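Engineer: Here you go, this is input.tsv (TSV, C-alpha atoms).
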chain	number	residue	atom	x	y	z
A	1	MET	CA	41.68	-6.07	39.25
A	2	GLU	CA	39.10	-5.71	41.97
A	3	SER	CA	38.47	-2.09	41.05
A	4	ILE	CA	37.95	-2.99	37.38
A	5	LEU	CA	35.47	-5.67	38.37
A	6	SER	CA	33.57	-3.29	40.62
A	7	THR	CA	33.47	-0.71	37.83
A	8	ILE	CA	32.04	-3.28	35.46
A	9	ARG	CA	29.56	-4.41	38.10
A	10	SER	CA	28.33	-0.89	38.79
A	11	PHE	CA	28.06	-0.25	35.05
A	12	ALA	CA	25.92	-3.34	34.61
A	13	ASN	CA	23.76	-2.63	37.64
A	14	ASN	CA	22.96	0.94	36.75
A	15	GLY	CA	20.15	1.21	34.27
A	16	ILE	CA	19.99	3.27	31.12
A	17	SER	CA	18.36	6.65	31.57
A	18	LEU	CA	16.23	8.58	29.12
A	19	GLN	CA	19.23	10.71	28.19
A	20	GLN	CA	21.01	7.82	26.46
A	21	PHE	CA	17.92	7.02	24.39
A	22	LEU	CA	17.60	10.65	23.31
A	23	ILE	CA	21.26	10.76	22.32
A	24	LEU	CA	20.82	7.55	20.29
A	25	GLY	CA	17.77	9.03	18.55
A	26	GLY	CA	19.65	12.25	17.82
A	27	LEU	CA	22.62	10.37	16.36
A	28	LEU	CA	20.32	8.32	14.16
A	29	PHE	CA	18.58	11.49	12.96
A	30	LEU	CA	21.95	13.04	12.09
A	31	VAL	CA	22.88	9.93	10.08
A	32	GLY	CA	19.62	10.33	8.17
A	33	ILE	CA	20.32	14.02	7.49
A	34	TYR	CA	23.77	13.10	6.17
A	35	GLY	CA	22.17	10.61	3.77
A	36	VAL	CA	19.59	13.10	2.51
A	37	LEU	CA	22.27	15.74	1.89
A	38	THR	CA	24.86	13.54	0.18
A	39	ARG	CA	22.92	10.91	-1.79
A	40	ARG	CA	22.15	11.37	-5.48
A	41	ASN	CA	19.76	8.47	-6.01
A	42	LEU	CA	16.12	9.17	-5.19
A	43	ILE	CA	15.65	5.72	-3.62
A	44	ALA	CA	18.65	6.26	-1.35
A	45	ILE	CA	17.25	9.65	-0.29
A	46	LEU	CA	13.95	7.99	0.58
A	47	MET	CA	15.83	5.39	2.66
A	48	SER	CA	17.57	8.19	4.57
A	49	VAL	CA	14.21	9.81	5.25
A	50	GLU	CA	13.07	6.46	6.65
A	51	ILE	CA	16.02	6.52	9.06
A	52	MET	CA	15.00	9.99	10.23
A	53	LEU	CA	11.39	8.89	10.76
A	54	ASN	CA	12.57	5.92	12.82
A	55	ALA	CA	14.77	8.17	14.96
A	56	ALA	CA	11.74	10.35	15.72
A	57	MET	CA	9.71	7.22	16.55
A	58	LEU	CA	12.39	5.99	18.93
A	59	ASN	CA	12.42	9.35	20.75
A	60	PHE	CA	8.63	9.38	21.08
A	61	VAL	CA	8.48	5.86	22.49
A	62	ALA	CA	11.43	6.39	24.85
A	63	VAL	CA	10.05	9.62	26.32
A	64	SER	CA	6.64	8.01	26.72
A	65	ALA	CA	8.06	4.88	28.37
A	66	TYR	CA	10.22	6.75	30.88
A	67	THR	CA	7.30	8.37	32.71
A	68	ASP	CA	6.32	7.04	36.12
A	69	THR	CA	2.62	6.73	35.34
A	70	VAL	CA	1.27	4.95	32.28
A	71	ASN	CA	1.61	7.31	29.32
A	72	ILE	CA	0.72	6.10	25.85
A	73	ASN	CA	0.55	9.34	23.90
A	74	GLY	CA	4.07	8.84	22.57
A	75	HIS	CA	3.24	5.31	21.49
A	76	LEU	CA	0.21	6.61	19.62
A	77	PHE	CA	2.37	9.15	17.81
A	78	ALA	CA	4.77	6.36	16.87
A	79	LEU	CA	1.88	4.28	15.52
A	80	PHE	CA	0.75	7.13	13.28
A	81	ILE	CA	4.33	7.68	12.15
A	82	VAL	CA	4.41	4.02	11.07
A	83	ALA	CA	1.21	4.46	9.05
A	84	ILE	CA	2.42	7.65	7.39
A	85	ALA	CA	5.84	6.14	6.64
A	86	ALA	CA	4.19	3.16	4.92
A	87	ALA	CA	2.00	5.46	2.81
A	88	GLU	CA	4.98	7.64	1.95
A	89	VAL	CA	7.06	4.67	0.82
A	90	ALA	CA	4.25	3.27	-1.34
A	91	VAL	CA	3.48	6.54	-3.14
A	92	GLY	CA	7.11	7.67	-3.31
A	93	LEU	CA	8.32	4.48	-4.93
A	94	ALA	CA	5.41	4.55	-7.41
A	95	ILE	CA	6.48	8.08	-8.37
A	96	PHE	CA	10.07	6.85	-8.80
A	97	ILE	CA	8.88	4.20	-11.24
A	98	ASN	CA	7.17	6.92	-13.28
A	99	VAL	CA	10.33	9.04	-13.15
A	100	PHE	CA	12.35	6.06	-14.37
A	101	ARG	CA	9.96	5.50	-17.27
A	102	SER	CA	9.95	9.11	-18.42
A	103	LYS	CA	13.58	10.11	-17.68
A	104	GLY	CA	15.45	6.80	-17.87
A	105	GLY	CA	16.94	7.07	-14.41
A	106	VAL	CA	16.20	7.89	-10.79
A	107	LEU	CA	19.10	10.24	-10.06
A	108	THR	CA	18.48	13.77	-8.89
A	109	ASP	CA	20.47	14.95	-11.94
A	110	ASP	CA	17.72	13.53	-14.14
A	111	LEU	CA	15.20	16.00	-12.69
A	112	MET	CA	16.96	19.26	-13.46
A	113	GLU	CA	14.65	20.87	-16.07
A	114	MET	CA	13.89	23.84	-13.82
A	115	LYS	CA	17.59	24.67	-13.54
A	116	GLN	CA	18.34	24.96	-17.27
B	1	MET	CA	15.19	-0.89	33.99
B	2	VAL	CA	17.02	-1.22	30.71
B	3	ASN	CA	20.14	-3.38	30.74
B	4	PRO	CA	23.12	-1.19	29.72
B	5	VAL	CA	25.15	-3.99	28.13
B	6	PHE	CA	22.41	-4.95	25.70
B	7	PHE	CA	21.51	-1.30	25.15
B	8	TYR	CA	25.01	-0.40	24.04
B	9	LEU	CA	25.37	-3.52	21.88
B	10	ILE	CA	22.08	-2.80	20.11
B	11	SER	CA	22.93	0.89	19.75
B	12	LEU	CA	26.21	-0.06	18.11
B	13	ALA	CA	24.31	-2.28	15.67
B	14	ILE	CA	21.77	0.47	14.91
B	15	ILE	CA	24.28	3.25	14.29
B	16	SER	CA	26.78	1.16	12.32
B	17	THR	CA	24.18	-0.35	9.99
B	18	ALA	CA	22.53	3.05	9.51
B	19	ILE	CA	25.88	4.62	8.58
B	20	TYR	CA	26.48	1.78	6.12
B	21	ALA	CA	23.00	2.32	4.67
B	22	VAL	CA	23.63	6.01	3.95
B	23	SER	CA	27.20	5.66	2.69
B	24	SER	CA	27.43	2.41	0.69
B	25	SER	CA	27.66	2.68	-3.07
B	26	LYS	CA	25.81	-0.62	-3.52
B	27	LEU	CA	22.17	0.26	-3.15
B	28	LEU	CA	20.99	-3.31	-2.55
B	29	ASN	CA	23.40	-3.77	0.36
B	30	ALA	CA	22.26	-0.40	1.70
B	31	ALA	CA	18.60	-1.50	1.69
B	32	LEU	CA	19.42	-4.72	3.56
B	33	ALA	CA	21.54	-2.81	6.11
B	34	LEU	CA	18.56	-0.50	6.58
B	35	ALA	CA	16.40	-3.55	7.37
B	36	LEU	CA	18.96	-4.71	9.95
B	37	SER	CA	19.03	-1.25	11.54
B	38	PHE	CA	15.24	-1.16	11.86
B	39	PHE	CA	15.27	-4.69	13.27
B	40	SER	CA	17.66	-3.54	16.00
B	41	ILE	CA	15.40	-0.57	16.79
B	42	GLY	CA	12.58	-3.10	17.24
B	43	MET	CA	14.70	-4.88	19.87
B	44	LEU	CA	14.97	-1.58	21.75
B	45	TYR	CA	11.17	-1.32	21.78
B	46	PHE	CA	11.01	-4.71	23.48
B	47	MET	CA	13.47	-3.45	26.09
B	48	LEU	CA	11.32	-0.35	26.60
B	49	GLY	CA	8.38	-2.53	27.64
B	50	THR	CA	6.23	-2.16	24.52
B	51	PRO	CA	6.25	-5.52	22.71
B	52	PHE	CA	3.44	-4.36	20.43
B	53	MET	CA	5.53	-1.55	19.00
B	54	GLY	CA	8.42	-3.99	18.64
B	55	MET	CA	6.36	-6.44	16.63
B	56	LEU	CA	5.02	-3.58	14.50
B	57	GLN	CA	8.59	-2.47	13.85
B	58	PHE	CA	9.64	-5.99	12.85
B	59	LEU	CA	6.66	-6.45	10.53
B	60	ILE	CA	6.44	-3.08	8.81
B	61	ASN	CA	9.71	-1.19	9.09
B	62	ALA	CA	12.06	-4.19	9.07
B	63	GLY	CA	9.94	-6.40	6.83
B	64	ALA	CA	7.66	-4.67	4.37
B	65	ILE	CA	9.48	-1.42	3.62
B	66	PRO	CA	12.91	-2.95	2.73
B	67	ILE	CA	11.20	-5.54	0.51
B	68	VAL	CA	9.37	-2.83	-1.43
B	69	THR	CA	12.60	-0.83	-1.64
B	70	VAL	CA	14.49	-3.84	-3.02
B	71	PHE	CA	11.74	-4.35	-5.61
B	72	ILE	CA	12.05	-0.77	-6.78
B	73	ILE	CA	15.86	-0.99	-6.86
B	74	PHE	CA	15.52	-3.93	-9.24
B	75	MET	CA	12.82	-2.25	-11.33
B	76	THR	CA	14.81	0.94	-11.80
B	77	GLN	CA	18.11	-0.89	-12.37
B	78	SER	CA	20.09	1.33	-10.01
B	79	ARG	CA	22.10	-1.19	-8.05
B	80	VAL	CA	25.43	0.63	-8.06
B	81	LEU	CA	25.52	4.38	-7.75
B	82	LYS	CA	28.09	7.12	-7.75
B	83	LEU	CA	28.57	9.19	-4.63
B	84	LYS	CA	28.53	12.96	-4.60
B	85	SER	CA	31.61	15.13	-4.55
B	86	PRO	CA	33.58	15.50	-1.29
B	87	ALA	CA	32.54	19.15	-0.98
B	88	THR	CA	28.92	18.13	-0.46
B	89	ALA	CA	29.93	15.57	2.14
B	90	VAL	CA	31.98	18.18	4.00
B	91	ALA	CA	29.02	20.59	3.97
B	92	ALA	CA	26.70	17.84	5.21
B	93	ILE	CA	29.09	16.89	8.02
B	94	GLY	CA	29.36	20.56	8.99
B	95	ALA	CA	25.57	20.87	9.20
B	96	MET	CA	25.45	17.67	11.27
B	97	VAL	CA	28.09	18.94	13.70
B	98	MET	CA	26.15	22.18	14.24
B	99	LEU	CA	22.95	20.22	14.88
B	100	ALA	CA	24.77	17.86	17.25
B	101	ILE	CA	26.17	20.79	19.27
B	102	GLY	CA	22.68	22.25	19.61
B	103	PHE	CA	21.29	18.89	20.62
B	104	VAL	CA	23.96	18.30	23.29
B	105	LEU	CA	23.39	21.80	24.68
B	106	TYR	CA	19.66	21.11	24.87
B	107	ILE	CA	20.18	17.76	26.60
B	108	SER	CA	22.64	19.19	29.11
B	109	ARG	CA	20.36	22.09	30.05
B	110	SER	CA	17.18	20.05	30.48
B	111	GLY	CA	15.86	19.06	33.88
B	112	SER	CA	16.50	16.00	35.99
B	113	SER	CA	13.61	14.10	34.37
B	114	LEU	CA	16.13	12.91	31.82
B	115	ASN	CA	17.85	10.85	34.51
B	116	ALA	CA	14.82	8.69	35.25
B	117	GLN	CA	15.66	4.99	35.31
B	118	ASN	CA	12.30	3.24	35.46
B	119	VAL	CA	10.38	2.10	32.41
B	120	THR	CA	6.61	1.78	32.53
B	121	PRO	CA	5.45	-1.10	30.32
B	122	VAL	CA	2.49	-0.55	28.01
B	123	SER	CA	0.38	-3.44	26.78
B	124	ALA	CA	-1.31	-3.73	23.41
B	125	ALA	CA	-4.73	-3.71	25.10
B	126	MET	CA	-4.09	-0.29	26.61
B	127	LEU	CA	-2.95	1.02	23.24
B	128	GLY	CA	-6.05	-0.40	21.57
B	129	GLU	CA	-8.36	1.15	24.15
B	130	LYS	CA	-6.79	4.54	23.69
B	131	LEU	CA	-6.66	4.19	19.90
B	132	LEU	CA	-10.19	2.93	19.27
B	133	GLY	CA	-12.09	4.07	22.35
B	134	SER	CA	-14.57	6.90	22.53
B	135	VAL	CA	-16.53	8.56	25.31
B	136	GLU	CA	-19.49	6.26	24.60
B	137	THR	CA	-17.56	2.98	24.85
B	138	THR	CA	-14.70	3.41	27.30
B	139	GLY	CA	-15.61	6.69	28.98
B	140	LYS	CA	-12.37	8.33	27.91
B	141	VAL	CA	-11.50	10.42	24.88
B	142	GLY	CA	-9.68	8.29	22.31
B	143	THR	CA	-8.12	8.92	18.95
B	144	LEU	CA	-10.74	7.15	16.86
B	145	LEU	CA	-11.04	9.97	14.32
B	146	ALA	CA	-7.28	10.12	13.74
B	147	PHE	CA	-7.24	6.33	13.42
B	148	GLU	CA	-9.93	6.46	10.73
B	149	ILE	CA	-8.12	9.25	8.90
B	150	ALA	CA	-4.91	7.20	8.95
B	151	SER	CA	-6.72	4.17	7.55
B	152	VAL	CA	-8.23	6.26	4.75
B	153	LEU	CA	-4.76	7.65	4.07
B	154	LEU	CA	-3.37	4.13	3.74
B	155	LEU	CA	-6.19	3.14	1.38
B	156	VAL	CA	-5.62	6.22	-0.77
B	157	ALA	CA	-1.87	5.52	-0.84
B	158	MET	CA	-2.49	1.93	-1.93
B	159	VAL	CA	-4.88	2.89	-4.74
B	160	GLY	CA	-2.64	5.77	-5.73
B	161	ALA	CA	0.42	3.54	-5.96
B	162	ILE	CA	-1.45	1.07	-8.19
B	163	ILE	CA	-2.72	3.81	-10.49
B	164	LEU	CA	0.62	5.63	-10.64
B	165	THR	CA	2.56	2.53	-11.63
B	166	LYS	CA	0.03	1.39	-14.23
B	167	ARG	CA	0.79	2.17	-17.85
B	168	GLU	CA	-1.86	3.57	-20.17
B	169	GLY	CA	-3.97	0.82	-21.74
B	170	GLU	CA	-2.45	-1.99	-19.69
B	171	THR	CA	-4.63	-4.94	-18.78
B	172	ILE	CA	-4.93	-6.77	-15.49
B	173	LYS	CA	-4.47	-10.51	-15.92
B	174	GLY	CA	-4.84	-13.28	-13.40
B	175	ASN	CA	-7.02	-13.75	-10.34
B	176	VAL	CA	-8.82	-10.43	-10.45
B	177	GLY	CA	-12.46	-10.51	-9.48
B	178	VAL	CA	-14.69	-13.54	-9.83
B	179	LEU	CA	-13.68	-14.64	-13.33
B	180	SER	CA	-9.95	-15.11	-13.48
B	181	GLU	CA	-9.98	-16.07	-17.15
B	182	VAL	CA	-11.68	-12.88	-18.35
B	183	GLU	CA	-9.35	-10.06	-19.31
B	184	LYS	CA	-10.47	-6.66	-18.20
B	185	SER	CA	-8.88	-3.73	-19.98
B	186	VAL	CA	-7.92	-0.61	-18.08
B	187	THR	CA	-8.47	2.74	-19.74
B	188	GLN	CA	-7.76	6.14	-18.20
B	189	GLY	CA	-6.99	4.53	-14.87
B	190	GLU	CA	-10.48	3.08	-14.45
B	191	LEU	CA	-11.47	-0.55	-14.38
B	192	GLU	CA	-14.38	-1.67	-16.49
B	193	THR	CA	-17.38	-3.25	-14.87
B	194	PRO	CA	-16.78	-6.97	-14.27
B	195	ALA	CA	-17.90	-9.23	-17.06
B	196	ARG	CA	-20.76	-11.61	-16.41
B	197	ALA	CA	-20.40	-15.37	-16.31
B	198	ALA	CA	-22.49	-15.76	-19.48
B	199	ASP	CA	-20.02	-13.62	-21.44
B	200	ALA	CA	-17.14	-15.78	-20.36
B	201	VAL	CA	-18.91	-18.93	-21.51
B	202	ALA	CA	-19.95	-17.38	-24.80
B	203	ARG	CA	-16.48	-15.96	-25.55
B	204	PRO	CA	-13.78	-18.33	-24.36
B	205	ALA	CA	-11.06	-16.53	-26.30
B	206	ALA	CA	-11.21	-12.98	-25.11
B	207	ASP	CA	-8.05	-12.07	-26.99
B	208	ALA	CA	-9.69	-12.68	-30.37
B	209	VAL	CA	-12.32	-10.00	-29.86
B	210	ILE	CA	-11.28	-6.50	-30.78
B	211	PRO	CA	-11.56	-4.03	-27.89
B	212	GLU	CA	-14.39	-1.87	-29.27
B	213	THR	CA	-16.87	-4.72	-29.59
B	214	ARG	CA	-15.82	-6.15	-26.23
B	215	GLU	CA	-16.64	-2.90	-24.51
B	216	LYS	CA	-20.07	-2.88	-26.14
B	217	VAL	CA	-20.78	-6.41	-25.04
B	218	VAL	CA	-19.73	-5.71	-21.48
B	219	ALA	CA	-21.67	-2.47	-21.31
As structure tokens, please, write out the structure in this file.
Structural biologist:
Amino acid sequence: MESILSTIRSFANNGISLQQFLILGGLLFLVGIYGVLTRRNLIAILMSVEIMLNAAMLNFVAVSAYTDTVNINGHLFALFIVAIAAAEVAVGLAIFINVFRSKGGVLTDDLMEMKQ
Amino acid sequence: MVNPVFFYLISLAIISTAIYAVSSSKLLNAALALALSFFSIGMLYFMLGTPFMGMLQFLINAGAIPIVTVFIIFMTQSRVLKLKSPATAVAAIGAMVMLAIGFVLYISRSGSSLNAQNVTPVSAAMLGEKLLGSVETTGKVGTLLAFEIASVLLLVAMVGAIILTKREGETIKGNVGVLSEVEKSVTQGELETPARAADAVARPAADAVIPETREKVVA
């Protein structure tokens, strides 16, 4: 009992290192890759790309925060990623509306003229 | 120092909602799970000592982007979708496993800087100085040019989204410009010049006028 309590106490007293954040970001990126590879709907693919962008943002901010001196280059990269993600979502979804109007659907199977 | 209990709880929330977002067949539920995942990532930014990035994450990634996505899901009527064949999923999982092995190898071979425990907080003022400062104002090199390019990119994306979603010959109705009651027709993606106040008084029923004469009057 005492050993379990001491294990829990040492777990709670030790902080999280940069390694755990990088592993979390990598896992999130892999989830996004899985979505891009398996989804058929264009909107779902765009959502998966958003997950990948957020994983990259998390890695940038974590690496920048875990330096001993003040380092804000990673935060700046994350800020620009936010701006580019917003622009990408706006233009991408506008394109999907046009695809829906001309093809009647937003599946990847609807955009297969080059294959036939 | 980041608290491990909260870190693991939040990580569980992030990963589980992200997996739901990429695997659910109901697209609306997937978009809301995506919002929850991004919200949890914002909590991690607060724990990393950057409340500005956390608020930005809450506002943009957890607020604006899922709302726009839900709008488009409704407009394209694709609420329930079929999933791909199992062969594709197996191939995707295989690719993910290969990437994960490479990533773990990279992490395990990197130096001891990965084991650092201390987090240096960054305030919004420092970010603003670096983002908007120049040699003339703050004495240090900032990223003002990149900031301006990003703002122009956002403006172009906004105008582009409006023009892309607009049908040919559609009119803008409502509180556009000074005179909300005047209809302005849109042709070839360009707005006409705003009508004058005298025209609005002289022609209260803009619908009755045929388009050719209206354009002459406005011009």
Engineer: Which residues of chain B come within 6 Å of chain A, and what is each one's closest atom pair and distance in Å (one decimal), counting all atoms listed in the file, sorted by chain and residue number, as a Markdown table?
Structural biologist:
| residue | atom | partner | partner_atom | distance |
| --- | --- | --- | --- | --- |
| B:Met1 | CA | A:Gly15 | CA | 5.4 |
| B:Val2 | CA | A:Gly15 | CA | 5.3 |
| B:Asn3 | CA | A:Gly15 | CA | 5.8 |
| B:Pro4 | CA | A:Ile16 | CA | 5.6 |
| B:Val22 | CA | A:Gly35 | CA | 4.8 |
| B:Ala89 | CA | A:Thr38 | CA | 5.8 |
| B:Ala92 | CA | A:Tyr34 | CA | 5.7 |
| B:Met96 | CA | A:Leu30 | CA | 5.9 |
| B:Leu114 | CA | A:Leu18 | CA | 5.1 |
| B:Asn115 | CA | A:Ser17 | CA | 5.2 |
| B:Ala116 | CA | A:Ser17 | CA | 5.5 |
| B:Gln117 | CA | A:Ser17 | CA | 4.9 |
| B:Val119 | CA | A:Tyr66 | CA | 4.9 |
| B:Thr120 | CA | A:Ala65 | CA | 5.4 |
| B:Leu154 | CA | A:Ala87 | CA | 5.6 |
| B:Ala157 | CA | A:Ala87 | CA | 5.3 |
| B:Ala161 | CA | A:Val91 | CA | 5.1 |
| B:Leu164 | CA | A:Ala94 | CA | 5.9 |
| B:Thr165 | CA | A:Ala94 | CA | 5.5 |
Engineer: Pick out the residues sitting within 10 Å of Asn61 in chain B, and hand them over as a list in words; count all atoms listed in the file, and ignore anything fewer than 3 positions along from it in its own chain.
Structural biologist: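 Listed by chain and then number, they are Glu50, Ile51, Asn54, Val82, Ala85 and Ala86 of chain A; Leu34, Ala35, Leu36, Ser37, Phe38, Phe39, Ile41, Gly42, Met55, Leu56, Gln57, Phe58, Ala64, Ile65, Pro66 and Ile67 of chain B.
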Engineer: Step by step, gather every atom of range 13-26 of chain B that the file lists, find the box along x, y and z that holds them, add 4 Å on each side, and finally give centre and edge lengths in Å to one decimal, as lines of an AutoDock Vina configuration file.
Structural biologist:
center_x = 24.7
center_y = 1.9
center_z = 6.1
size_x = 13.9
size_y = 16.3
size_z = 27.2
Engineer: Please indicate the distance in Å from CA of Ser11 in chain B to CA of Ala56 in chain A, rounded to one decimal place.
Structural biologist: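 These atoms are spaced 15.2 Å apart.
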Engineer: Rounded to one decimal, what separation in Å do you get between CA of Phe52 in chain B and CA of Leu131 in chain B?
Structural biologist: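 Going from CA of Phe52 in chain B over to CA of Leu131 in chain B, I get 13.2 Å.
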Engineer: Give me, please, the distance in Å between CA of Ile10 in chain B and CA of Phe46 in chain B, quoted to one decimal.
Structural biologist: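 CA of Phe46 in chain B lies at a distance of 11.7 Å from CA of Ile10 in chain B.
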